[in-house]
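Peer 1: Sharing data00.txt below, compact mmCIF, C-alpha atoms:
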# COMPACT_ATOMS: atom_id res chain seq x y z
CA ARG Y 1 117.47 78.88 123.14
CA GLN Y 2 114.72 79.49 120.56
CA ALA Y 3 112.06 79.23 123.27
CA ALA Y 4 113.95 81.82 125.36
CA LEU Y 5 114.05 84.20 122.38
CA GLU Y 6 110.32 83.73 121.75
CA ASP Y 7 109.62 84.51 125.41
CA SER Y 8 111.78 87.63 125.22
CA VAL Y 9 110.01 88.78 122.05
CA ALA Y 10 106.59 88.22 123.61
CA ALA Y 11 107.60 90.18 126.72
CA LEU Y 12 108.99 93.05 124.65
CA ARG Y 13 105.88 93.14 122.48
CA THR Y 14 103.70 93.38 125.58
CA MET Y 15 105.84 96.25 126.89
CA VAL Y 16 105.75 98.14 123.58
CA GLU Y 17 102.00 97.73 123.07
CA LYS Y 18 101.23 98.70 126.68
CA ALA Y 19 103.30 101.87 126.27
CA TYR Y 20 101.39 102.64 123.07
CA ALA Y 21 98.02 102.02 124.74
CA ASP Y 22 99.02 104.24 127.68
CA ARG Y 23 100.37 106.91 125.31
CA ARG Y 24 103.78 106.72 126.96
CA LYS Y 25 107.08 107.21 125.15
CA LEU Y 26 109.23 104.12 124.87
CA ASP Y 27 112.65 103.97 126.48
CA PHE Y 28 114.76 103.27 123.40
CA LYS Y 29 117.82 102.56 125.54
CA LEU Y 30 115.92 99.55 126.89
CA LEU Y 31 115.06 98.43 123.34
CA LYS Y 32 118.74 98.52 122.38
CA SER Y 33 119.74 96.22 125.25
CA SER Y 34 118.97 93.04 123.29
CA SER Y 35 119.44 93.44 119.54
CA ARG Y 36 118.26 89.89 118.69
CA THR Y 37 114.98 90.41 120.54
CA VAL Y 38 114.39 93.81 118.95
CA VAL Y 39 115.14 92.51 115.44
CA ALA Y 40 112.77 89.55 115.93
CA LEU Y 41 109.95 91.83 117.14
CA LEU Y 42 110.45 94.29 114.30
CA LYS Y 43 110.19 91.42 111.82
CA GLN Y 44 106.88 90.40 113.39
CA TYR Y 45 105.43 93.88 113.10
CA LEU Y 46 106.63 94.40 109.53
CA LEU Y 47 105.19 91.08 108.38
CA GLU Y 48 101.81 92.17 109.75
CA LEU Y 49 101.72 95.42 107.76
CA PRO Y 50 99.32 95.29 104.77
CA ARG Y 51 101.74 97.49 102.76
CA PRO Y 52 105.53 97.87 102.95
CA LEU Y 53 106.69 100.84 105.01
CA LEU Y 54 108.84 102.33 102.22
CA SER Y 55 105.99 102.30 99.66
CA VAL Y 56 105.15 100.11 96.68
CA GLU Y 57 105.12 103.16 94.41
CA LEU Y 58 108.65 104.25 95.35
CA TYR Y 59 110.14 100.73 95.28
CA PRO Y 60 111.94 100.92 91.89
CA TYR Y 61 113.29 104.37 92.76
CA PHE Y 62 114.81 103.27 96.06
CA LEU Y 63 116.47 100.39 94.20
CA ALA Y 64 117.90 102.69 91.53
CA ALA Y 65 119.10 105.40 93.96
CA PRO Y 66 122.60 103.91 94.65
CA GLU Y 67 123.16 103.07 90.98
CA GLY Y 68 124.33 104.99 87.91
CA GLY Y 69 127.73 106.12 89.16
CA LYS Y 70 126.38 108.70 91.63
CA THR Y 71 128.62 110.20 94.29
CA PRO Y 72 127.82 109.34 97.94
CA GLU Y 73 126.40 112.85 98.38
CA GLN Y 74 124.12 112.44 95.35
CA ILE Y 75 122.89 109.05 96.61
CA ILE Y 76 122.02 110.50 100.01
CA ALA Y 77 120.22 113.43 98.36
CA VAL Y 78 118.09 111.03 96.29
CA MET Y 79 117.31 108.88 99.33
CA LYS Y 80 116.33 111.94 101.36
CA ASP Y 81 114.00 113.08 98.57
CA LEU Y 82 112.37 109.64 98.33
CA ILE Y 83 111.89 109.39 102.10
CA SER Y 84 110.30 112.86 102.10
CA ARG Y 85 107.64 111.61 99.63
CA LEU Y 86 106.25 109.05 102.07
CA PRO Y 87 102.88 109.83 103.69
CA LEU Y 88 103.57 111.48 107.05
CA PRO Y 89 102.68 108.44 109.26
CA TYR Y 90 104.90 106.24 107.07
CA PHE Y 91 107.68 108.85 107.17
CA ARG Y 92 107.66 108.96 110.96
CA SER Y 93 107.52 105.17 111.28
CA ALA Y 94 110.33 104.76 108.75
CA ARG Y 95 112.43 107.33 110.61
CA THR Y 96 112.01 105.49 113.92
CA MET Y 97 112.66 102.11 112.30
CA LEU Y 98 115.75 103.15 110.36
CA GLN Y 99 117.26 105.07 113.26
CA LEU Y 100 116.76 102.05 115.51
CA LEU Y 101 118.42 99.76 112.94
CA HIS Y 102 121.30 102.21 112.66
CA ASP Y 103 121.74 102.20 116.44
CA VAL Y 104 121.60 98.39 116.58
CA ALA Y 105 124.37 98.16 113.97
CA GLU Y 106 126.44 100.70 115.89
CA ALA Y 107 125.94 99.00 119.27
CA ASP Y 108 126.48 95.39 118.17
CA SER Y 109 129.96 94.75 116.76
CA LYS Y 110 128.81 91.41 115.34
CA THR Y 111 125.90 92.93 113.37
CA THR Y 112 126.64 95.19 110.41
CA SER Y 113 124.24 97.43 108.52
CA MET Y 114 124.39 95.00 105.60
CA ASP Y 115 123.49 92.10 107.92
CA LEU Y 116 120.40 94.04 108.96
CA SER Y 117 119.66 94.94 105.34
CA GLN Y 118 119.61 91.26 104.36
CA ILE Y 119 117.05 90.62 107.10
CA PHE Y 120 114.85 93.69 106.61
CA ALA Y 121 115.02 94.50 102.89
CA PRO Y 122 112.34 91.90 101.98
CA LEU Y 123 110.07 93.47 104.63
CA LEU Y 124 110.70 97.19 104.10
CA LEU Y 125 111.40 97.31 100.36
CA ARG Y 126 109.12 95.18 98.23
CA PRO Y 127 106.80 95.70 95.25
CA GLY Y 128 103.67 94.46 97.06
CA PRO Y 129 102.28 93.07 100.31
CA ILE Y 130 104.20 89.78 100.03
CA PRO Y 131 108.03 89.65 100.44
CA VAL Y 132 109.67 88.42 97.21
CA ASP Y 133 113.22 87.58 96.11
CA THR Y 134 113.11 89.68 92.91
CA ASP Y 135 115.88 92.32 92.98
CA ALA Y 136 116.81 91.17 96.50
CA SER Y 137 120.47 92.22 96.22
CA ARG Y 138 119.56 95.70 94.92
CA ALA Y 139 117.06 96.17 97.74
CA GLN Y 140 119.72 95.15 100.28
CA VAL Y 141 122.19 97.70 98.90
CA ALA Y 142 119.56 100.46 98.99
CA LEU Y 143 118.50 99.66 102.55
CA ASP Y 144 122.14 99.47 103.66
CA VAL Y 145 122.63 103.06 102.46
CA LEU Y 146 119.58 104.15 104.43
CA ILE Y 147 120.60 102.39 107.64
CA ARG Y 148 124.15 103.78 107.52
CA ASN Y 149 122.90 107.36 107.07
CA CYS Y 150 119.72 107.43 109.17
CA GLN Y 151 121.18 108.22 112.56
CA GLU Y 152 119.37 110.89 114.58
CA GLY Y 153 120.47 114.25 113.21
CA GLY Y 154 122.11 112.53 110.22
CA PRO Y 155 121.89 113.63 106.58
CA ILE Y 156 118.66 111.85 105.58
CA PHE Y 157 116.45 113.00 108.46
CA SER Y 158 118.25 116.26 109.24
CA GLY Y 159 115.18 118.37 108.43
CA GLY Y 160 112.75 116.50 110.71
CA ASP Y 161 109.09 116.90 109.72
CA ALA Y 162 109.60 120.45 108.46
CA GLY Y 163 108.17 121.02 105.00
CA LEU Y 164 106.80 117.51 104.67
CA ALA Y 165 103.06 118.13 104.97
CA SER Y 166 102.60 119.94 101.65
CA GLY Y 167 105.00 117.66 99.80
CA VAL Y 168 103.52 114.42 101.07
CA ALA Y 169 99.84 115.20 100.61
CA GLY Y 170 100.04 114.89 96.83
CA VAL Y 171 102.83 112.33 96.69
CA SER Y 172 103.67 110.78 93.34
CA VAL Y 173 106.55 108.54 92.39
CA SER Y 174 108.56 111.19 90.59
CA GLY Y 175 106.80 114.46 91.27
CA GLY Y 176 105.33 116.85 88.75
CA GLY Y 177 102.03 118.33 89.88
CA ALA Y 178 100.71 118.85 86.32
CA GLU Y 179 101.38 115.26 85.23
CA VAL Y 180 98.70 112.60 84.84
CA GLN Y 181 98.34 110.60 88.05
CA TRP Y 182 97.42 106.92 87.68
CA TYR Y 183 95.98 104.32 90.03
CA TYR Y 184 96.22 100.58 89.44
CA ILE Y 185 94.97 97.31 90.92
CA ASP Y 186 97.77 95.00 92.03
CA GLN Y 187 97.81 91.20 92.07
CA GLN Y 188 96.33 91.15 95.58
CA GLN Y 189 93.42 93.34 94.35
CA ASN Y 190 94.67 96.39 96.27
CA TYR Y 191 94.13 99.86 94.82
CA VAL Y 192 97.58 101.49 94.51
CA GLY Y 193 98.53 105.08 93.64
CA PRO Y 194 98.85 107.79 92.67
CA VAL Y 195 101.83 107.23 90.38
CA ASN Y 196 102.66 109.37 87.35
CA THR Y 197 103.10 108.11 83.80
CA VAL Y 198 106.90 107.80 84.03
CA GLY Y 199 106.61 105.93 87.33
CA LEU Y 200 103.98 103.53 85.97
CA LYS Y 201 106.15 102.77 82.95
CA GLN Y 202 109.03 102.04 85.35
CA LEU Y 203 106.82 99.61 87.26
CA LEU Y 204 105.92 98.00 83.93
CA ALA Y 205 109.57 97.74 82.90
CA HIS Y 206 110.39 96.03 86.21
CA LYS Y 207 107.36 93.71 85.77
CA TYR Y 208 105.61 94.89 88.94
CA VAL Y 209 102.59 95.58 86.72
CA SER Y 210 101.72 94.05 83.35
CA GLY Y 211 99.58 94.65 80.29
CA ASP Y 212 96.71 92.96 82.13
CA THR Y 213 96.89 95.34 85.11
CA TYR Y 214 93.81 97.55 85.42
CA VAL Y 215 94.60 101.29 85.57
CA TRP Y 216 92.62 104.49 86.01
CA ALA Y 217 93.28 108.24 85.79
CA ALA Y 218 91.00 111.27 86.07
CA HIS Y 219 90.89 111.80 82.30
CA ALA Y 220 90.01 108.14 81.58
CA ALA Y 221 86.48 106.91 80.95
CA GLY Y 222 86.89 104.15 83.53
CA TRP Y 223 89.18 101.33 84.62
CA GLN Y 224 91.03 99.86 81.64
CA ARG Y 225 93.68 97.23 81.05
CA LEU Y 226 97.08 98.88 80.80
CA ASP Y 227 97.70 97.42 77.35
CA ALA Y 228 94.53 99.20 76.13
CA VAL Y 229 95.90 102.63 77.09
CA ALA Y 230 97.97 104.00 74.20
CA GLU Y 231 100.18 106.27 76.34
CA LEU Y 232 101.18 103.33 78.58
CA SER Y 233 101.01 100.22 76.44
CA ALA Y 234 104.25 100.40 74.44
CA GLY Y 235 106.14 97.22 75.28
CA ALA Y 236 103.50 95.89 77.66
CA ALA Y 237 103.75 92.12 78.01
CA SER Y 238 100.51 90.19 78.37
CA THR Y 239 100.14 87.81 81.31
CA ALA Y 240 97.30 85.81 82.76
CA ALA Y 241 94.11 87.76 83.37
CA PRO Y 242 93.62 89.04 86.94
CA THR Y 243 91.27 87.14 89.20
CA ALA Y 244 87.83 88.55 89.69
Please go through the file and, once you have read it, give me the structure as structure tokens.

Peer 2:
Amino acid sequence: RQAALEDSVAALRTMVEKAYADRRKLDFKLLKSSSRTVVALLKQYLLELPRPLLSVELYPYFLAAPEGGKTPEQIIAVMKDLISRLPLPYFRSARTMLQLLHDVAEADSKTTSMDLSQIFAPLLLRPGPIPVDTDASRAQVALDVLIRNCQEGGPIFSGGDAGLASGVAGVSVSGGGAEVQWYYIDQQQNYVGPVNTVGLKQLLAHKYVSGDTYVWAAHAAGWQRLDAVAELSAGAASTAAPTA
């Protein structure tokens, strides 16, 4: 049975990549014909991405979106705003991915949106390149909201690409064009950003960065440890020094 699934995944991958190489549109009705094969292939692709599709910088904000006693309408509005902040290629990929997951949940009576969230949350919503278990349940709840409301023409993607280009080009975690924009080096030595001061403090509070994380902004003299920057260092906890 496992060998049959692997064969089906390999065949589907070949079909998808050939369509991409030939610049042909995929027949999504065909993709929906076998939900287990589609889910397995999507997992393969997502594991190969160097960065999560829904953005390291926005991770704590997606997790917090369904919380705080918001109404369903307020939650959807926050999710729509966060999705709109993704770089345009990520936005379009996320739209296709989430709409496909929504359709799989609708078509397969044995697979709910939460079932799919448990599978895909570690791949789509994570604080770095490597899937982790930290805040797993919160990530699953956030992704479940997205999957349930990301149908074609639904509330989260109702505006299409309209108005995205100007908003995405200068994306920051919580907006504010006049705010200081920071970059930092994560544990895998990737350069991440921009993220504003409030967003970076949120990442610090959730322990996705630490006092030893190196940060930079346009007004700074150079790269500095976060705990050496007065406007960021309040409450910073020291950890082991980053590798060279």

Peer 1: How far is it from atom CA of Glu17 of chain Y to atom CA of Gly154 of chain Y, in Å with one decimal?

Peer 2: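 Pair atom CA of Glu17 of chain Y / atom CA of Gly154 of chain Y returns 28.1 Å.
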
Peer 1: What is the distance, in Å and to one decimal place, between atom CA of Ala139 of chain Y and atom CA of Leu63 of chain Y?

Peer 2: 5.5 Å

Peer 1: Kindly give the distance, in Å, that separates atom CA of Glu57 of chain Y and atom CA of Val195 of chain Y, rounded to a single decimal.

Peer 2: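 That distance, rounded to one decimal, is 6.6 Å.
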
Peer 1: When distances are computed from all atoms listed in the file, which of Y:Ile185, Y:Val145, Y:Leu124, Y:Met79 shows the smallest separation from Leu47 of chain Y?

Peer 2: Y:Leu124

Peer 1: I need the residue nearest Gln140 of chain Y from this list: Y:Pro72, Y:Pro122, Y:Gly199, Y:Gly193. Use all atoms listed in the file for the distance.

Peer 2: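 Checking each of Y:Pro72, Y:Pro122, Y:Gly199, Y:Gly193 against Gln140 of chain Y, counting all atoms listed in the file, the winner is Y:Pro122.
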
Peer 1: Place a sphere of radius 9 Å on (119.6, 105.1, 117.5) in the file coordinates and name every protein, DNA or RNA residue with an atom inside or on its surface, counting all atoms listed in the file; give the answer as a list in words.

Peer 2: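 Residues with an atom close enough to that point: Phe28, Lys29, Lys32, Thr96, Leu98, Gln99, Leu100, Leu101, His102, Asp103, Val104, Glu106, Ala107, Cys150, Gln151 and Glu152 of chain Y.
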
Peer 1: Starting from the point (104.5, 98.5, 121.6), work out which residues of protein, DNA or RNA have an atom no more than 12 Å away when counting only C-alpha atoms; state them as JSON, numbers by chain.

Peer 2: {"Y": [9, 10, 11, 12, 13, 14, 15, 16, 17, 18, 19, 20, 21, 22, 23, 24, 25, 26, 27, 28, 31, 38, 41, 42, 44, 45]}

Peer 1: Select, from Y:Lys43, Y:Asp144, Y:Pro194, Y:Thr37, the residue with the minimum atom-to-atom distance to Asp7 of chain Y, counting all atoms listed in the file.

Peer 2: Y:Thr37

Peer 1: Which residues, written as a list of chain:residue names, have at least one atom at most 8 Å from Val180 of chain Y, with only C-alpha atoms counted and residues fewer than 2 positions away on the same chain left out?

Peer 2: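 Skipping anything fewer than 2 positions along the chain leaves Y:Ala178, Y:Trp182, Y:Asn196, Y:Thr197, Y:Ala217, Y:Ala218.
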
Peer 1: Between Y:Phe157, Y:Ala228, Y:Ala136, Y:Trp216, which has the minimum distance to Asp81 of chain Y (counting all atoms listed in the file)?

Peer 2: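 Nearest candidate to Asp81 of chain Y out of Y:Phe157, Y:Ala228, Y:Ala136, Y:Trp216: Y:Phe157.
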
Peer 1: Let me make sure I understand: among Y:Leu5, Y:Ala142, Y:Leu123, Y:Ala220, which one has the smallest atom-to-atom distance to Arg51 of chain Y if we use all atoms listed in the file?

Peer 2: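 Selected residue with least distance to Arg51 of chain Y: Y:Leu123.
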
Peer 1: Could you pull the residues within 9 Å of Lys201 of chain Y, counting only C-alpha atoms, minus those fewer than 6 positions along the same chain, as a ChimeraX atom specification?

Peer 2: /Y:209,232-233

Peer 1: Might you pull out every residue within 8 Å of Thr213 of chain Y, with all atoms listed in the file counted and same-chain residues fewer than 6 positions away left off, and present them as an MDAnalysis selection string?

Peer 2: chainID Y and resid 184:186 225:226 242

Peer 1: For each of Y:Pro52, Y:Pro155, Y:Pro87, Y:Pro66, take the minimum atom-to-atom distance to Phe120 of chain Y, counting all atoms listed in the file, then give the residue where this is smallest.

Peer 2: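 Distance minimum relative to Phe120 of chain Y lands on Y:Pro52.
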